[in-house]
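Structure data follow from final.txt (compact mmCIF, C-alpha atoms):
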# COMPACT_ATOMS: atom_id res chain seq x y z
CA MET A 104 -18.71 -0.05 14.75
CA ARG A 105 -18.28 -3.73 13.96
CA LYS A 106 -21.27 -4.96 15.98
CA PRO A 107 -24.02 -2.89 14.30
CA THR A 108 -22.44 -3.58 10.92
CA LEU A 109 -22.49 -7.31 11.57
CA LEU A 110 -26.05 -7.14 12.87
CA LEU A 111 -27.23 -5.36 9.74
CA ALA A 112 -25.31 -7.73 7.52
CA LEU A 113 -27.08 -10.64 9.19
CA LEU A 114 -30.52 -9.04 9.19
CA LEU A 115 -30.54 -7.94 5.56
CA PRO A 116 -30.20 -11.37 3.93
CA ALA A 117 -32.65 -12.81 6.45
CA GLY A 118 -35.36 -10.58 4.98
CA VAL A 119 -36.09 -9.25 8.45
CA SER A 120 -39.11 -11.47 8.79
CA GLY A 121 -39.45 -10.34 12.35
CA LEU A 122 -39.90 -6.77 11.23
CA ALA A 123 -43.05 -5.87 9.35
CA ALA A 124 -40.99 -3.86 6.96
CA GLN A 125 -39.60 -3.47 3.50
CA THR A 126 -36.04 -4.49 2.96
CA THR A 127 -34.40 -2.85 -0.03
CA TYR A 128 -31.46 -4.20 -1.98
CA TYR A 129 -29.71 -2.31 -4.72
CA ALA A 130 -26.86 -2.38 -7.19
CA ARG A 131 -25.46 0.61 -9.04
CA LEU A 132 -22.73 1.25 -11.59
CA GLY A 133 -21.02 4.55 -12.02
CA ALA A 134 -17.81 6.52 -11.92
CA ILE A 135 -15.79 7.95 -9.08
CA GLY A 136 -13.21 10.71 -8.97
CA ALA A 137 -10.91 11.67 -6.12
CA SER A 138 -8.77 14.58 -5.02
CA ASN A 139 -5.00 14.24 -4.51
CA LEU A 140 -3.80 11.24 -2.52
CA LEU A 141 -0.56 12.95 -1.80
CA ARG A 142 1.29 16.22 -2.20
CA ASP A 143 5.06 16.01 -1.93
CA ILE A 144 7.98 18.30 -2.63
CA ILE A 145 11.31 17.01 -3.96
CA VAL A 146 12.82 20.05 -5.64
CA ASN A 147 9.44 20.49 -7.39
CA GLU A 148 5.88 19.88 -6.23
CA ILE A 149 4.64 16.36 -6.93
CA THR A 150 1.04 15.27 -6.61
CA VAL A 151 -0.43 11.77 -6.76
CA ARG A 152 -4.01 11.32 -7.86
CA GLN A 153 -6.34 8.53 -8.93
CA SER A 154 -7.89 8.76 -12.37
CA ILE A 155 -11.67 8.68 -12.67
CA ALA A 156 -12.55 5.02 -12.20
CA PRO A 157 -15.55 2.78 -12.79
CA MET A 158 -17.38 1.86 -9.61
CA LEU A 159 -19.82 -0.81 -8.50
CA ALA A 160 -22.00 -0.25 -5.42
CA LEU A 161 -24.03 -2.93 -3.65
CA GLY A 162 -26.16 -2.41 -0.60
CA GLY A 163 -29.31 -2.90 1.34
CA SER A 164 -31.35 -1.07 3.94
CA LEU A 165 -34.08 -1.54 6.51
CA PRO A 166 -36.68 0.92 7.72
CA ILE A 167 -36.17 2.36 11.18
CA GLY A 168 -39.03 4.18 12.83
CA ALA A 169 -42.17 5.42 11.13
CA ARG A 170 -40.89 8.62 9.53
CA GLY A 171 -39.29 7.01 6.50
CA TYR A 172 -35.78 6.72 7.90
CA ARG A 173 -33.71 3.69 6.98
CA ALA A 174 -30.44 2.12 8.08
CA GLY A 175 -28.30 0.12 5.74
CA LEU A 176 -25.01 -1.20 4.66
CA GLU A 177 -23.33 -0.27 1.40
CA GLY A 178 -20.16 -1.56 -0.19
CA THR A 179 -18.39 -0.18 -3.23
CA LEU A 180 -15.60 -1.43 -5.46
CA ALA A 181 -13.59 0.74 -7.81
CA SER A 182 -10.54 0.01 -9.92
CA GLY A 183 -8.48 2.47 -11.91
CA LYS A 184 -5.11 3.99 -12.66
CA PHE A 185 -3.24 6.41 -10.50
CA HIS A 186 -0.51 8.76 -11.54
CA SER A 187 1.92 11.37 -10.31
CA SER A 188 2.28 14.86 -11.74
CA GLU A 189 5.41 16.96 -11.64
CA ARG A 190 5.97 20.17 -13.61
CA GLY A 191 3.05 19.32 -15.90
CA SER A 192 4.19 15.83 -16.84
CA GLU A 193 2.37 12.74 -15.62
CA THR A 194 3.75 9.31 -14.75
CA ASP A 195 1.56 6.24 -14.66
CA LEU A 196 2.00 4.58 -11.28
CA GLY A 197 -0.14 1.52 -11.98
CA THR A 198 -3.53 0.29 -10.92
CA ILE A 199 -5.22 0.78 -7.59
CA ARG A 200 -8.39 -0.87 -6.38
CA THR A 201 -10.48 0.53 -3.56
CA ALA A 202 -13.25 -1.08 -1.58
CA THR A 203 -15.45 0.71 0.91
CA ILE A 204 -17.96 -0.51 3.43
CA MET A 205 -20.24 1.97 5.08
CA LEU A 206 -22.96 1.83 7.71
CA GLN A 207 -25.40 4.48 6.61
CA PHE A 208 -28.68 6.14 7.35
CA ASP A 209 -31.04 7.74 4.89
CA GLY A 210 -34.24 9.68 5.04
CA PRO A 211 -36.75 11.59 2.94
CA MET A 212 -35.66 14.95 1.59
CA TYR A 213 -37.95 16.19 -1.19
CA ARG A 214 -40.31 14.05 -3.27
CA ALA A 215 -38.21 11.22 -4.74
CA LEU A 216 -34.99 12.56 -3.27
CA ARG A 217 -33.47 11.06 -0.14
CA TRP A 218 -30.46 12.16 1.87
CA GLN A 219 -27.91 9.66 2.98
CA ALA A 220 -25.01 9.79 5.46
CA GLY A 221 -22.74 7.17 6.89
CA LEU A 222 -19.47 6.04 8.41
CA GLY A 223 -17.23 3.19 7.45
CA GLY A 224 -13.84 2.33 6.03
CA ILE A 225 -11.90 2.27 2.79
CA GLN A 226 -9.29 -0.28 1.79
CA TYR A 227 -6.67 0.44 -0.88
CA TRP A 228 -5.34 -2.54 -2.81
CA PRO A 229 -2.46 -1.73 -5.14
CA LYS A 230 -1.91 -4.13 -8.04
CA ASP A 231 1.86 -3.82 -7.51
CA LYS A 232 3.66 -3.35 -4.24
CA ALA A 233 5.77 -0.42 -5.37
CA GLY A 234 6.30 3.26 -4.72
CA ILE A 235 3.96 4.69 -2.11
CA PHE A 236 2.37 1.23 -1.76
CA ARG A 237 5.66 -0.68 -1.42
CA GLU A 238 4.55 -1.93 1.99
CA GLY A 239 1.12 -2.84 0.63
CA GLY A 240 -2.33 -1.31 0.81
CA THR A 241 -3.89 0.65 3.61
CA PHE A 242 -7.19 0.85 5.48
CA ARG A 243 -8.63 4.22 6.47
CA PHE A 244 -11.81 5.37 8.18
CA LEU A 245 -14.34 7.02 5.93
CA ALA A 246 -17.28 9.40 6.29
CA GLY A 247 -19.75 10.06 3.53
CA ALA A 248 -23.01 11.68 2.53
CA GLY A 249 -25.12 11.93 -0.58
CA ILE A 250 -28.41 12.19 -2.33
CA ASP A 251 -30.40 9.35 -3.90
CA TYR A 252 -33.12 9.76 -6.48
CA ARG A 253 -35.50 6.83 -6.92
CA ARG A 254 -38.13 6.42 -9.59
CA PRO A 255 -40.36 3.32 -9.82
CA VAL A 256 -39.90 1.44 -13.08
CA MET A 257 -41.68 -1.85 -12.25
CA PRO A 258 -43.54 -3.21 -9.25
CA LYS A 259 -40.97 -3.52 -6.46
CA TRP A 260 -38.21 -2.17 -8.72
CA ASP A 261 -36.87 1.40 -8.66
CA LEU A 262 -34.40 3.14 -10.88
CA MET A 263 -31.85 4.64 -8.55
CA THR A 264 -29.45 7.51 -9.21
CA SER A 265 -26.95 8.43 -6.54
CA LEU A 266 -24.60 11.32 -6.06
CA ARG A 267 -22.17 10.61 -3.24
CA TYR A 268 -19.35 12.39 -1.50
CA ASP A 269 -16.98 10.75 0.93
CA TRP A 270 -13.87 11.81 2.74
CA HIS A 271 -10.96 10.12 4.46
CA ARG A 272 -7.40 10.81 5.45
CA PHE A 273 -4.77 8.97 3.46
CA SER A 274 -1.31 7.67 4.21
CA THR A 275 0.54 4.38 3.79
CA ALA A 276 3.08 2.42 5.80
CA GLU A 277 5.73 3.28 3.19
CA LEU A 278 5.06 7.01 3.52
CA GLU A 279 5.20 6.81 7.31
CA GLN A 280 8.50 4.91 7.11
CA ARG A 281 9.92 7.65 4.92
CA GLY A 282 9.06 10.33 7.44
CA PHE A 283 5.81 11.70 6.10
CA SER A 284 3.80 12.89 9.07
CA GLN A 285 0.09 13.59 9.43
CA THR A 286 -2.15 12.44 6.61
CA GLN A 287 -3.68 13.79 3.42
CA GLY A 288 -7.39 14.64 3.30
CA VAL A 289 -8.93 12.89 0.29
CA SER A 290 -12.37 13.76 -1.06
CA ARG A 291 -14.15 11.48 -3.50
CA VAL A 292 -17.29 12.14 -5.54
CA SER A 293 -19.25 9.46 -7.36
CA LEU A 294 -22.24 9.41 -9.65
CA SER A 295 -23.96 6.09 -10.23
CA VAL A 296 -27.12 4.59 -11.64
CA GLY A 297 -28.74 1.27 -10.79
CA LEU A 298 -31.76 -0.65 -9.67
CA SER A 299 -33.17 -1.25 -6.25
CA ARG A 300 -35.61 -3.97 -5.29
CA SER A 301 -37.97 -3.91 -2.35
CA VAL A 302 -38.84 -7.12 -0.54
CA VAL A 303 -41.93 -7.20 1.62
CA PRO A 304 -41.93 -10.10 4.03
CA MET B 93 -17.52 30.06 26.23
CA SER B 94 -21.09 29.92 24.97
CA ARG B 95 -22.47 26.82 23.29
CA PRO B 96 -22.54 28.35 19.75
CA MET B 97 -18.96 29.46 20.18
CA ARG B 98 -17.91 26.00 21.36
CA TRP B 99 -19.59 24.44 18.31
CA SER B 100 -17.99 27.00 16.00
CA ALA B 101 -14.56 26.35 17.49
CA ALA B 102 -15.05 22.60 17.17
CA ALA B 103 -16.20 23.03 13.57
CA LEU B 104 -13.12 25.11 12.78
CA VAL B 105 -10.81 22.49 14.30
CA VAL B 106 -12.51 19.73 12.28
CA ALA B 107 -12.37 21.82 9.08
CA ALA B 108 -8.70 22.60 9.61
CA ALA B 109 -7.92 18.92 10.20
CA ALA B 110 -9.95 17.93 7.15
CA CYS B 111 -8.22 20.34 4.81
CA SER B 112 -4.61 19.93 5.97
CA ASP B 113 -2.12 18.21 3.70
CA ILE B 114 0.27 15.44 4.58
CA ALA B 115 3.57 16.82 5.89
CA THR B 116 6.52 15.96 3.66
CA PRO B 117 9.79 14.79 5.20
CA VAL B 118 12.97 16.85 5.13
CA ARG B 119 15.23 15.38 2.47
CA ASP B 120 18.77 16.51 3.21
CA ASN B 121 20.53 13.19 3.67
CA PHE B 122 22.15 12.95 0.25
CA TYR B 123 25.61 13.43 -1.21
CA GLU B 124 27.04 14.93 -4.39
CA TRP B 125 26.15 12.78 -7.39
CA ARG B 126 27.38 15.00 -10.22
CA LEU B 127 30.53 14.14 -12.16
CA VAL B 128 32.94 17.06 -12.07
CA VAL B 129 35.11 17.27 -15.19
CA PRO B 130 37.28 20.03 -16.68
CA LYS B 131 35.22 22.38 -18.81
CA ALA B 132 35.03 21.48 -22.48
CA THR B 133 36.19 24.98 -23.40
CA GLY B 134 37.96 27.53 -21.26
CA THR B 135 38.97 27.03 -17.66
CA GLY B 136 37.11 25.67 -14.67
CA ASP B 137 34.93 22.59 -14.25
CA ASP B 138 31.60 21.27 -15.49
CA SER B 139 29.31 19.43 -13.09
CA LEU B 140 27.52 16.79 -15.13
CA SER B 141 24.13 15.64 -13.89
CA PHE B 142 22.25 12.85 -15.59
CA HIS B 143 19.12 10.85 -14.99
CA TRP B 144 17.07 8.69 -17.30
CA PRO B 145 14.08 10.60 -18.66
CA GLN B 146 10.60 9.12 -18.22
CA SER B 147 10.48 8.39 -21.96
CA ARG B 148 13.32 5.86 -21.50
CA VAL B 149 11.93 4.19 -18.38
CA PRO B 150 12.11 1.25 -17.94
CA VAL B 151 15.77 1.36 -18.89
CA ARG B 152 16.76 -1.67 -20.99
CA ILE B 153 19.71 -3.59 -19.60
CA TRP B 154 21.44 -6.43 -21.43
CA VAL B 155 23.36 -8.84 -19.22
CA GLU B 156 26.09 -11.31 -20.15
CA ASN B 157 25.44 -14.81 -18.86
CA ALA B 158 28.52 -15.05 -16.62
CA LEU B 159 29.64 -14.41 -13.04
CA SER B 160 26.06 -14.68 -11.69
CA LEU B 161 25.20 -11.47 -13.54
CA PRO B 162 21.76 -12.77 -14.63
CA ASP B 163 20.88 -13.10 -10.92
CA ASN B 164 22.73 -10.08 -9.60
CA VAL B 165 21.49 -7.48 -12.08
CA PRO B 166 17.75 -8.00 -11.38
CA ASN B 167 18.56 -7.93 -7.65
CA ALA B 168 20.45 -4.67 -8.15
CA ILE B 169 17.53 -3.15 -10.08
CA ALA B 170 15.16 -4.19 -7.29
CA ALA B 171 17.46 -2.68 -4.65
CA TRP B 172 17.57 0.69 -6.40
CA ARG B 173 13.87 0.64 -7.25
CA THR B 174 13.13 1.01 -3.53
CA ALA B 175 14.54 4.55 -3.67
CA PHE B 176 11.63 5.79 -5.70
CA LEU B 177 8.08 6.69 -4.71
CA TYR B 178 6.89 7.89 -8.12
CA ARG B 179 8.42 5.41 -10.58
CA GLU B 180 11.15 7.88 -11.47
CA PHE B 181 13.47 5.00 -12.39
CA ASP B 182 12.92 1.42 -13.37
CA ALA B 183 14.84 -1.03 -15.50
CA THR B 184 14.30 -4.32 -17.20
CA VAL B 185 16.63 -7.01 -18.52
CA VAL B 186 16.42 -7.42 -22.30
CA SER B 187 17.70 -10.19 -24.56
CA ASP B 188 18.90 -8.02 -27.45
CA SER B 189 22.10 -6.12 -26.71
CA SER B 190 21.76 -3.96 -29.85
CA SER B 191 18.78 -2.11 -28.39
CA ALA B 192 20.04 -1.94 -24.81
CA ASP B 193 20.58 1.30 -22.91
CA VAL B 194 23.03 -0.40 -20.56
CA ILE B 195 25.27 -3.39 -21.29
CA VAL B 196 26.64 -5.37 -18.39
CA ARG B 197 29.57 -7.67 -19.18
CA ALA B 198 31.89 -9.88 -17.20
CA GLY B 199 35.59 -9.16 -17.41
CA THR B 200 38.05 -6.34 -17.38
CA ALA B 201 37.06 -3.03 -18.94
CA PRO B 202 38.82 -2.65 -22.29
CA GLY B 203 41.31 0.15 -23.03
CA THR B 204 39.44 3.41 -23.38
CA GLN B 205 37.32 2.55 -26.40
CA PHE B 206 34.10 3.81 -24.84
CA ALA B 207 35.43 5.40 -21.71
CA ARG B 208 35.33 9.16 -22.00
CA ALA B 209 34.59 8.91 -18.30
CA ARG B 210 35.31 5.74 -16.39
CA LEU B 211 33.84 5.34 -12.93
CA HIS B 212 36.21 2.79 -11.48
CA SER B 213 35.47 1.09 -8.21
CA ALA B 214 38.23 -0.56 -6.20
CA LEU B 215 35.93 -2.79 -4.19
CA LEU B 216 36.96 -5.89 -2.32
CA PRO B 217 40.09 -7.80 -3.37
CA GLU B 218 37.95 -10.54 -4.93
CA CYS B 219 36.44 -8.43 -7.70
CA SER B 220 36.11 -4.97 -9.21
CA GLY B 221 33.79 -3.04 -11.44
CA SER B 222 33.69 -0.08 -13.74
CA THR B 223 31.10 1.92 -15.61
CA ASP B 224 32.07 3.57 -18.86
CA LEU B 225 30.23 6.70 -19.98
CA ASP B 226 30.67 7.94 -23.54
CA ILE B 227 30.04 11.64 -23.04
CA SER B 228 30.14 14.05 -25.95
CA ASP B 229 32.93 16.61 -26.19
CA ASP B 230 30.62 19.46 -25.26
CA HIS B 231 29.43 17.48 -22.20
CA SER B 232 25.79 17.73 -23.21
CA GLN B 233 25.13 14.15 -24.37
CA LEU B 234 25.61 10.65 -23.05
CA ARG B 235 25.94 8.30 -25.99
CA LEU B 236 24.33 4.98 -25.24
CA PRO B 237 24.82 2.30 -24.28
CA VAL B 238 26.37 2.76 -20.86
CA ARG B 239 28.86 -0.10 -20.45
CA VAL B 240 29.37 -1.83 -17.13
CA TYR B 241 32.15 -4.34 -16.47
CA ILE B 242 32.26 -6.71 -13.52
CA ASP B 243 35.55 -8.49 -13.08
CA ALA B 244 36.38 -11.41 -10.79
CA HIS B 245 39.98 -11.28 -9.57
CA SER B 246 40.03 -14.40 -7.47
CA ASP B 247 39.39 -18.11 -7.72
CA PRO B 248 35.76 -18.69 -8.80
CA ASN B 249 35.32 -20.79 -5.65
CA ALA B 250 36.62 -18.12 -3.26
CA PRO B 251 34.08 -17.83 -0.42
CA ASP B 252 33.66 -14.05 -0.63
CA LEU B 253 33.43 -13.84 -4.41
CA PRO B 254 29.62 -14.19 -4.72
CA ARG B 255 29.09 -11.36 -2.21
CA CYS B 256 31.68 -9.19 -3.94
CA LEU B 257 30.06 -9.75 -7.33
CA ALA B 258 26.59 -8.98 -5.98
CA LEU B 259 27.50 -5.74 -4.25
CA THR B 260 29.76 -4.64 -7.11
CA THR B 261 26.92 -5.15 -9.57
CA THR B 262 24.54 -3.09 -7.40
CA HIS B 263 27.22 -0.39 -7.07
CA GLU B 264 27.76 -0.19 -10.85
CA ILE B 265 24.01 -0.15 -11.55
CA GLY B 266 23.96 2.82 -9.14
CA HIS B 267 26.42 4.59 -11.47
CA SER B 268 24.37 3.68 -14.52
CA LEU B 269 21.20 5.18 -13.04
CA GLY B 270 22.94 8.51 -12.59
CA ILE B 271 25.05 8.55 -9.42
CA TRP B 272 28.23 9.56 -11.21
CA GLN B 273 30.18 10.39 -8.09
CA HIS B 274 31.40 8.18 -5.27
CA SER B 275 30.18 8.79 -1.75
CA VAL B 276 32.82 9.75 0.80
CA ALA B 277 31.20 7.59 3.51
CA ALA B 278 32.26 3.97 3.84
CA THR B 279 28.76 3.10 5.08
CA ASP B 280 27.33 3.85 1.64
CA LEU B 281 27.25 1.33 -1.19
CA MET B 282 28.41 4.08 -3.55
CA TYR B 283 31.67 4.49 -1.59
CA PHE B 284 34.59 3.89 -3.98
CA ASP B 285 35.46 0.68 -2.08
CA PRO B 286 32.12 -0.41 -0.72
CA ALA B 287 31.74 -2.88 2.12
CA VAL B 288 27.96 -2.88 2.52
CA ASP B 289 25.66 -5.22 0.60
CA ALA B 290 22.81 -2.86 -0.25
CA PRO B 291 22.21 0.82 -0.93
CA SER B 292 22.17 2.81 2.32
CA ASP B 293 19.48 5.34 3.18
CA ARG B 294 21.89 8.03 1.93
CA ASP B 295 22.39 6.18 -1.36
CA LEU B 296 18.63 5.86 -1.83
CA ALA B 297 18.01 9.51 -0.88
CA THR B 298 20.69 10.58 -3.36
CA ALA B 299 19.12 8.52 -6.15
CA GLU B 300 15.71 9.98 -5.36
CA MET B 301 17.03 13.55 -5.27
CA LEU B 302 18.95 13.30 -8.53
CA TYR B 303 15.81 12.24 -10.40
CA HIS B 304 14.12 15.50 -9.43
CA ALA B 305 17.08 17.81 -9.97
CA PRO B 306 17.57 19.22 -13.46
CA ALA B 307 19.86 17.14 -15.68
CA ASN B 308 22.36 18.79 -18.05
CA VAL B 309 23.37 15.61 -19.89
CA GLU B 310 20.92 14.00 -22.29
CA ALA B 311 20.92 10.32 -23.35
CA VAL B 312 21.17 9.73 -27.11
CA GLY B 313 20.80 6.46 -29.10
CA PRO B 314 20.79 3.57 -29.68

Translate this file's structure into structure tokens.
Amino acid sequence: MRKPTLLLALLLPAGVSGLAAQTTYYARLGAIGASNLLRDIIVNEITVRQSIAPMLALGGSLPIGARGYRAGLEGTLASGKFHSSERGSETDLGTIRTATIMLQFDGPMYRALRWQAGLGGIQYWPKDKAGIFREGGTFRFLAGAGIDYRRPVMPKWDLMTSLRYDWHRFSTAELEQRGFSQTQGVSRVSLSVGLSRSVVP
Amino acid sequence: MSRPMRWSAAALVVAAAACSDIATPVRDNFYEWRLVVPKATGTGDDSLSFHWPQSRVPVRIWVENALSLPDNVPNAIAAWRTAFLYREFDATVVSDSSSADVIVRAGTAPGTQFARARLHSALLPECSGSTDLDISDDHSQLRLPVRVYIDAHSDPNAPDLPRCLALTTTHEIGHSLGIWQHSVAATDLMYFDPAVDAPSDRDLATAEMLYHAPANVEAVGP
């Protein structure tokens, strides 16, 4: 997956002058929530979950074909708390940052709505190397899909609202060392608003 | 198998993989941590189980500036911290002994002023340690602070003294976090006469387990 990602990353800033096409760049701010990172049992059930966190998304896309399909690259950054829950009481486990990079495709759906789907990776960066992240962060493969709504607000500028879902399987080196096997499916949903700009070469 | 059936089967496999949870390890590698004492009233024994509640974490530890304790206590805290995945226990060194939950001093433990229960550790010939627990008569409360004593028996320049002091400190901090019983295995740091430098996997598993088991002794004060 690295080669197409690198190619797109190189083409997007170059404005794709060779392609008679519109390159679109965008930035969005929003919030992201996730399902449990972990479910454990030590006498009682313990779950670990990220709190809803602010998120920044940056990306760009190029048209492919004549039917309105586009290919692009999107990165997101989110930073928030995570906590464990046991018998109804919560313990703050610190701050976790996540970054994703995704190679994605989008296409027309209905009027100003566009579908989007992609594959990529997610990196977890704990602020402190402790607990489940004692051996540091972890990188996992990621799949995602979503819907974008775009409404022109100025020439070349669109207001962009995005609802995204992504999924990955989570574990860490510390958990593996302690004998946890398999991985935990983690679903994340984000809602974000931003601006996109079209550049015609 | 027809094509739709193949796709359905594949979709089911993917869905099952997507929804499955991580598999937790079997945790059975621990030893008895509860302090067994004669019942406060009547006959028989009480098994006393204690761990610091979340409201008191991080536990405040005051350390006397002697016998390398200012170095050894933070190292001991760090060693025990590795037992925990969910921040069940943590501790910090404080400068004011009057507000400390645990007081660590150098020297011999005094008479029985605070020692309703004294967890004495024989340790190497160079040094010894003890942890004094002031437990209420009805065995329901641990009156703070917990008092830990680390005593050097040998010449301060004896080659094995630094190691003895370090492992003794980690052993006694193990008592103060709630392991109120000695392990019967010499490979564990919580053995009554320990020979290993750091908590073993069994020590760490015991510490982790005791923080999820119900406690019947509650910390009170200061």

Practice task
Select all residues from chain A having any atom no more than 7 Å from an atom of chain B (counting all atoms listed in the file, ignoring ligands), output as a PyMOL selection string.
Solution key: chain A and resi 141-146+187+196+234-235+282-288

Practice task
Quick one: pull the distance between CA of Ala287 in chain B and CA of His274 in chain B, Å, one decimal.
Solution key: 13.3 Å

Fill in the blank from the handout: Shortest contact to Asp209 in chain A, candidates A:Ile155, A:Leu132, A:Ala181, A:Leu176, atoms counted only C-alpha atoms, goes to A:Leu176

Problem - Nearest candidate to Phe208 in chain A (options A:Asp251, A:Asp261, A:Glu279, A:Glu148; using only C-alpha atoms) - result: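 Using only C-alpha atoms, the shortest distance to Phe208 in chain A belongs to A:Asp251.
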
Please return the centre and edge lengths, in Å to one decimal, of a box with edges along x, y and z that contains all listed atoms of range 293-299 of chain B, widened by 8 Å on every side, as lines of an AutoDock Vina configuration file.
center_x = 20.2
center_y = 8.0
center_z = -1.5
size_x = 20.4
size_y = 21.2
size_z = 25.3

Problem - B:Asp289, B:Val240, B:Ser232, B:Glu264 ranked by distance to Asp252 in chain B, top pick (using only C-alpha atoms) - result: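 Selected residue with least distance to Asp252 in chain B: B:Asp289.
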
Handout entry: Pairwise distance for CA of Gly197 in chain A and CA of Leu278 in chain A, rounded to one decimal in Å
Key =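 Here the two named atoms are 17.2 Å from each other.
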
Exercise for the section: Using CA of Trp228 in chain A and CA of Phe242 in chain A as the two end points, give the distance in Å to one decimal. Expected result: 9.1 Å
